Each structure stands twice: as C-alpha cells, then as structure tokens.
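Written out below as structure tokens is the structure these notes cover.
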Amino acid sequence: MTEETPGFEEKPDVPSGATSDDAEPKAAPAQGAAPAGDANASELAGLTAQLDQVRTALGERTADLQRLQAEYQNYRRRVERDRITVREIAIANLLTELLPTLDDIGRAREHGELVGGFKSVAESLETVAAKMGLQQFGKEGEPFDPTIHEALMHSYAPDVTETTCVAILQPGYRIGERTIRPARVAVAEPQPGATPAKAEGADEAPAAGDEKDNGPEEG
C-alpha cells in the first residue's frame, strides 16, 4: 500500500519543455457573438421606437382632451344662451299680459284721473315693468315704419312729404330688440298731386303781363 503524503496533490504529468499554462485548456471564443457596439445600437433603436409610440399616444390623448374641452365650452355657451332665451320669453309673456293694464293707466293719466293711491300703485307698476326691460315707443310726427307701427287710420295731408304718424292710438312696447307690440297709429300721406314746398328764398317766376320790353325805344 502506498502512503500519500498529506498536503500535496498529485499533478498530471507535464511533458518536458511545456509550461503550466499550456497544460490548462483555454476557453474557445463563442461562435457568432455580436460585438458590444452593435448590441448598444440595437437597444437604442428599440428605445427610440418605444419613445415614438409614447409620443404618438400622448398626442392622440391630448387631441382628445382638447376636443372634449371645446365640446364642453360649446355646451356651456349653448346652455347659457338657451337659459337667456327662456328667461326673455317668460318676461315677454308676463309683460304682454300687463299691456292692457298699462294702457288703462295711460288713458287715466291723459284724462287727469291718475290721482291718490291709484297713482302710486300705477307708477310702481310702471317702474317694475321698466326694470324688467319694457320700453315704450311711438311718437307723433315720426315717419311710418311698418316693422314697428301698425296703421289703424289713414288720411292725406298737404303738409307732409312722406307717410307720417300723425296720432298714436296705442303706444308700442319692446324688450331689448324684441317688439312685443307695435305702436298703433293714424298715418297721413302727402296729398295726391300736391307739389312739394318751394325752397325758402327761391326766385318766383314773373307773372304774365309783368314782363317789360327792354328793347330799344322807337324814335
């Protein structure tokens, strides 16, 4: 039996003239391994593609958000416009029902019957109607306008040059630009065949027989 000396390991036989490095096998380089530069370029291209996708998605979401904001603003404006329209219609309907009462107040004022407590109540009602936007229109002597006047009487007059309101039978009322009742008037038109008034200072033509013969006198 062979005794082994502790602390020493057996080494394989090495041919003479060979070094210890030659005895250890070297690892062969991996076949087909890509250089490090190509790997980094491929990774960078992938990241760039992902970034482009994220940017595209962000642009689409931003466009969607802008479209939603525009639609919401349009909705708010439409709701506000409808609210104002409904309010104006409601006020117009209420004031239209009060017009006969306002006509009675006007007639009482013309006849001197608007006195005492009735006068205070009438003036308060007129003040409230004015605060709600009611405006009265229609004056004698203004040109007739079929869009705001309603002719109930018609006549001819020699002293007018166009169709003119000569009497206001019932005043008209409007709220803002909305006419809730036209002014009911009597109109007069120019007299048929009447000639317009001559301009002030115009020379008059000499009457027949007034012409003088300015020719030479006979000797």
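Order determines the names: the first chain of the structure tokens is A, the second B, and so forth; residues in each chain are numbered 1 upward, and ligands are numbered 1 upward as they are shown.
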**OP:** Could you give me, as a ChimeraX atom specification, the residues within 10 Å of stretch 123-125 of chain A, counting only C-alpha atoms and dropping anything in the same chain fewer than 6 positions from it?
**Re:** /A:98,101-102,105,114,117,131
Original post:
Where does DSSP see strand (DSSP E or B) in stretch 79-217 of chain A, if you list the residues as a PyMOL selection string?
Top reply: chain A and resi 134-137+143+149-157+164-170+172-175+178-181+183-190
Go ahead and save the residues from that selection, with C-alpha atoms, as a PDB file, in the first residue's frame.
ATOM      1  CA  LEU A 134     -90.038  97.068 -21.021  1.00  0.00           C
ATOM      2  CA  GLN A 135     -89.636 100.140 -23.236  1.00  0.00           C
ATOM      3  CA  GLN A 136     -92.419 102.265 -24.712  1.00  0.00           C
ATOM      4  CA  PHE A 137     -92.096 103.788 -28.185  1.00  0.00           C
ATOM      5  CA  PRO A 143     -92.035 108.511 -40.188  1.00  0.00           C
ATOM      6  CA  HIS A 149     -96.003 100.608 -36.466  1.00  0.00           C
ATOM      7  CA  GLU A 150     -99.496  99.314 -37.163  1.00  0.00           C
ATOM      8  CA  ALA A 151    -101.647 101.771 -39.138  1.00  0.00           C
ATOM      9  CA  LEU A 152    -105.272 101.776 -37.937  1.00  0.00           C
ATOM     10  CA  MET A 153    -106.320 105.026 -39.635  1.00  0.00           C
ATOM     11  CA  HIS A 154    -105.274 106.593 -42.916  1.00  0.00           C
ATOM     12  CA  SER A 155    -105.645 110.086 -44.350  1.00  0.00           C
ATOM     13  CA  TYR A 156    -103.984 112.644 -46.626  1.00  0.00           C
ATOM     14  CA  ALA A 157    -102.352 115.871 -45.570  1.00  0.00           C
ATOM     15  CA  THR A 164     -96.136 110.078 -41.221  1.00  0.00           C
ATOM     16  CA  CYS A 165     -97.607 109.030 -37.872  1.00  0.00           C
ATOM     17  CA  VAL A 166     -99.988 111.880 -37.004  1.00  0.00           C
ATOM     18  CA  ALA A 167    -101.585 110.263 -33.930  1.00  0.00           C
ATOM     19  CA  ILE A 168    -100.572 107.497 -31.506  1.00  0.00           C
ATOM     20  CA  LEU A 169    -103.656 105.450 -30.698  1.00  0.00           C
ATOM     21  CA  GLN A 170    -101.756 102.925 -28.567  1.00  0.00           C
ATOM     22  CA  GLY A 172     -95.779 100.258 -28.799  1.00  0.00           C
ATOM     23  CA  TYR A 173     -93.626  98.216 -26.427  1.00  0.00           C
ATOM     24  CA  ARG A 174     -90.360  96.355 -26.838  1.00  0.00           C
ATOM     25  CA  ILE A 175     -87.913  94.389 -24.705  1.00  0.00           C
ATOM     26  CA  ARG A 178     -87.798  92.253 -29.422  1.00  0.00           C
ATOM     27  CA  THR A 179     -91.035  94.102 -30.263  1.00  0.00           C
ATOM     28  CA  ILE A 180     -93.871  92.658 -28.201  1.00  0.00           C
ATOM     29  CA  ARG A 181     -96.493  95.067 -29.590  1.00  0.00           C
ATOM     30  CA  ALA A 183     -97.376 101.102 -31.974  1.00  0.00           C
ATOM     31  CA  ARG A 184    -100.935 101.511 -33.277  1.00  0.00           C
ATOM     32  CA  VAL A 185    -101.103 104.796 -35.122  1.00  0.00           C
ATOM     33  CA  ALA A 186    -103.026 107.009 -37.524  1.00  0.00           C
ATOM     34  CA  VAL A 187    -100.992 107.904 -40.585  1.00  0.00           C
ATOM     35  CA  ALA A 188    -101.175 110.630 -43.180  1.00  0.00           C
ATOM     36  CA  GLU A 189     -99.753 110.579 -46.689  1.00  0.00           C
ATOM     37  CA  PRO A 190     -98.923 113.504 -48.943  1.00  0.00           C
TER      38      PRO A 190
END
**OP:** Among the residues of stretch 81-210 of chain A, find those DSSP assigns to alpha helix (DSSP H) from the backbone and print them as an NGL selection string.
**Re:** :A and (81-110 or 116-131)
Would you write out those residues with N, CA and C atoms, as a compact mmCIF listing (two decimals), in the first residue's frame?
# COMPACT_ATOMS: atom_id res chain seq x y z
N ARG A 81 -77.09 80.40 -23.50
CA ARG A 81 -77.92 81.09 -24.49
C ARG A 81 -79.38 80.64 -24.38
N ASP A 82 -79.59 79.34 -24.21
CA ASP A 82 -80.96 78.85 -24.06
C ASP A 82 -81.61 79.38 -22.78
N ARG A 83 -80.80 79.48 -21.72
CA ARG A 83 -81.35 79.99 -20.46
C ARG A 83 -81.80 81.44 -20.61
N ILE A 84 -80.98 82.25 -21.29
CA ILE A 84 -81.34 83.66 -21.51
C ILE A 84 -82.58 83.77 -22.38
N THR A 85 -82.65 82.92 -23.43
CA THR A 85 -83.80 82.96 -24.32
C THR A 85 -85.09 82.60 -23.59
N VAL A 86 -85.02 81.55 -22.76
CA VAL A 86 -86.21 81.14 -22.00
C VAL A 86 -86.64 82.25 -21.04
N ARG A 87 -85.65 82.89 -20.42
CA ARG A 87 -85.97 83.98 -19.49
C ARG A 87 -86.63 85.15 -20.23
N GLU A 88 -86.09 85.51 -21.40
CA GLU A 88 -86.67 86.62 -22.16
C GLU A 88 -88.09 86.29 -22.61
N ILE A 89 -88.32 85.05 -23.02
CA ILE A 89 -89.67 84.66 -23.45
C ILE A 89 -90.65 84.72 -22.28
N ALA A 90 -90.19 84.25 -21.11
CA ALA A 90 -91.07 84.28 -19.94
C ALA A 90 -91.42 85.72 -19.54
N ILE A 91 -90.42 86.61 -19.56
CA ILE A 91 -90.66 88.01 -19.22
C ILE A 91 -91.59 88.65 -20.25
N ALA A 92 -91.34 88.36 -21.53
CA ALA A 92 -92.18 88.93 -22.59
C ALA A 92 -93.63 88.48 -22.44
N ASN A 93 -93.84 87.21 -22.11
CA ASN A 93 -95.21 86.71 -21.94
C ASN A 93 -95.89 87.40 -20.75
N LEU A 94 -95.14 87.58 -19.67
CA LEU A 94 -95.72 88.25 -18.49
C LEU A 94 -96.07 89.69 -18.80
N LEU A 95 -95.15 90.43 -19.43
CA LEU A 95 -95.41 91.83 -19.70
C LEU A 95 -96.50 92.01 -20.75
N THR A 96 -96.61 91.06 -21.68
CA THR A 96 -97.69 91.14 -22.67
C THR A 96 -99.05 91.10 -21.99
N GLU A 97 -99.17 90.31 -20.94
CA GLU A 97 -100.43 90.25 -20.20
C GLU A 97 -100.70 91.54 -19.44
N LEU A 98 -99.65 92.33 -19.15
CA LEU A 98 -99.83 93.58 -18.41
C LEU A 98 -100.10 94.77 -19.32
N LEU A 99 -99.96 94.61 -20.64
CA LEU A 99 -100.12 95.76 -21.54
C LEU A 99 -101.51 96.40 -21.45
N PRO A 100 -102.61 95.65 -21.39
CA PRO A 100 -103.92 96.31 -21.23
C PRO A 100 -104.00 97.17 -19.98
N THR A 101 -103.38 96.70 -18.88
CA THR A 101 -103.38 97.49 -17.65
C THR A 101 -102.55 98.76 -17.83
N LEU A 102 -101.42 98.66 -18.51
CA LEU A 102 -100.61 99.84 -18.77
C LEU A 102 -101.35 100.81 -19.69
N ASP A 103 -102.14 100.29 -20.65
CA ASP A 103 -102.94 101.17 -21.50
C ASP A 103 -103.98 101.92 -20.67
N ASP A 104 -104.61 101.25 -19.72
CA ASP A 104 -105.60 101.91 -18.85
C ASP A 104 -104.93 103.00 -18.02
N ILE A 105 -103.72 102.71 -17.54
CA ILE A 105 -103.00 103.72 -16.76
C ILE A 105 -102.70 104.94 -17.62
N GLY A 106 -102.29 104.70 -18.87
CA GLY A 106 -102.01 105.81 -19.77
C GLY A 106 -103.23 106.65 -20.06
N ARG A 107 -104.38 106.02 -20.29
CA ARG A 107 -105.60 106.77 -20.55
C ARG A 107 -106.04 107.56 -19.32
N ALA A 108 -105.88 106.94 -18.15
CA ALA A 108 -106.24 107.66 -16.92
C ALA A 108 -105.33 108.87 -16.72
N ARG A 109 -104.07 108.75 -17.07
CA ARG A 109 -103.15 109.88 -16.95
C ARG A 109 -103.55 111.00 -17.92
N GLU A 110 -103.94 110.64 -19.15
CA GLU A 110 -104.34 111.66 -20.13
C GLU A 110 -105.58 112.42 -19.69
N GLY A 116 -104.10 110.16 -6.18
CA GLY A 116 -104.20 109.42 -4.92
C GLY A 116 -103.42 108.12 -4.93
N GLY A 117 -103.99 107.15 -4.22
CA GLY A 117 -103.33 105.86 -4.10
C GLY A 117 -103.22 105.13 -5.43
N PHE A 118 -104.20 105.34 -6.30
CA PHE A 118 -104.14 104.71 -7.62
C PHE A 118 -102.92 105.17 -8.39
N LYS A 119 -102.55 106.46 -8.23
CA LYS A 119 -101.38 106.99 -8.92
C LYS A 119 -100.11 106.30 -8.41
N SER A 120 -99.99 106.10 -7.10
CA SER A 120 -98.80 105.44 -6.54
C SER A 120 -98.67 104.01 -7.03
N VAL A 121 -99.81 103.28 -7.03
CA VAL A 121 -99.78 101.89 -7.49
C VAL A 121 -99.41 101.83 -8.96
N ALA A 122 -99.99 102.73 -9.76
CA ALA A 122 -99.72 102.74 -11.20
C ALA A 122 -98.26 103.04 -11.48
N GLU A 123 -97.71 104.03 -10.79
CA GLU A 123 -96.30 104.37 -11.01
C GLU A 123 -95.38 103.25 -10.56
N SER A 124 -95.72 102.54 -9.49
CA SER A 124 -94.91 101.40 -9.05
C SER A 124 -94.92 100.29 -10.09
N LEU A 125 -96.11 100.04 -10.67
CA LEU A 125 -96.21 99.01 -11.71
C LEU A 125 -95.37 99.38 -12.93
N GLU A 126 -95.41 100.64 -13.34
CA GLU A 126 -94.63 101.09 -14.48
C GLU A 126 -93.13 100.99 -14.19
N THR A 127 -92.74 101.28 -12.95
CA THR A 127 -91.33 101.18 -12.58
C THR A 127 -90.84 99.74 -12.63
N VAL A 128 -91.65 98.81 -12.13
CA VAL A 128 -91.26 97.40 -12.16
C VAL A 128 -91.15 96.92 -13.59
N ALA A 129 -92.11 97.32 -14.44
CA ALA A 129 -92.07 96.90 -15.85
C ALA A 129 -90.83 97.45 -16.54
N ALA A 130 -90.45 98.68 -16.22
CA ALA A 130 -89.24 99.26 -16.82
C ALA A 130 -88.00 98.53 -16.35
N LYS A 131 -87.94 98.12 -15.09
CA LYS A 131 -86.79 97.37 -14.58
C LYS A 131 -86.66 96.01 -15.27
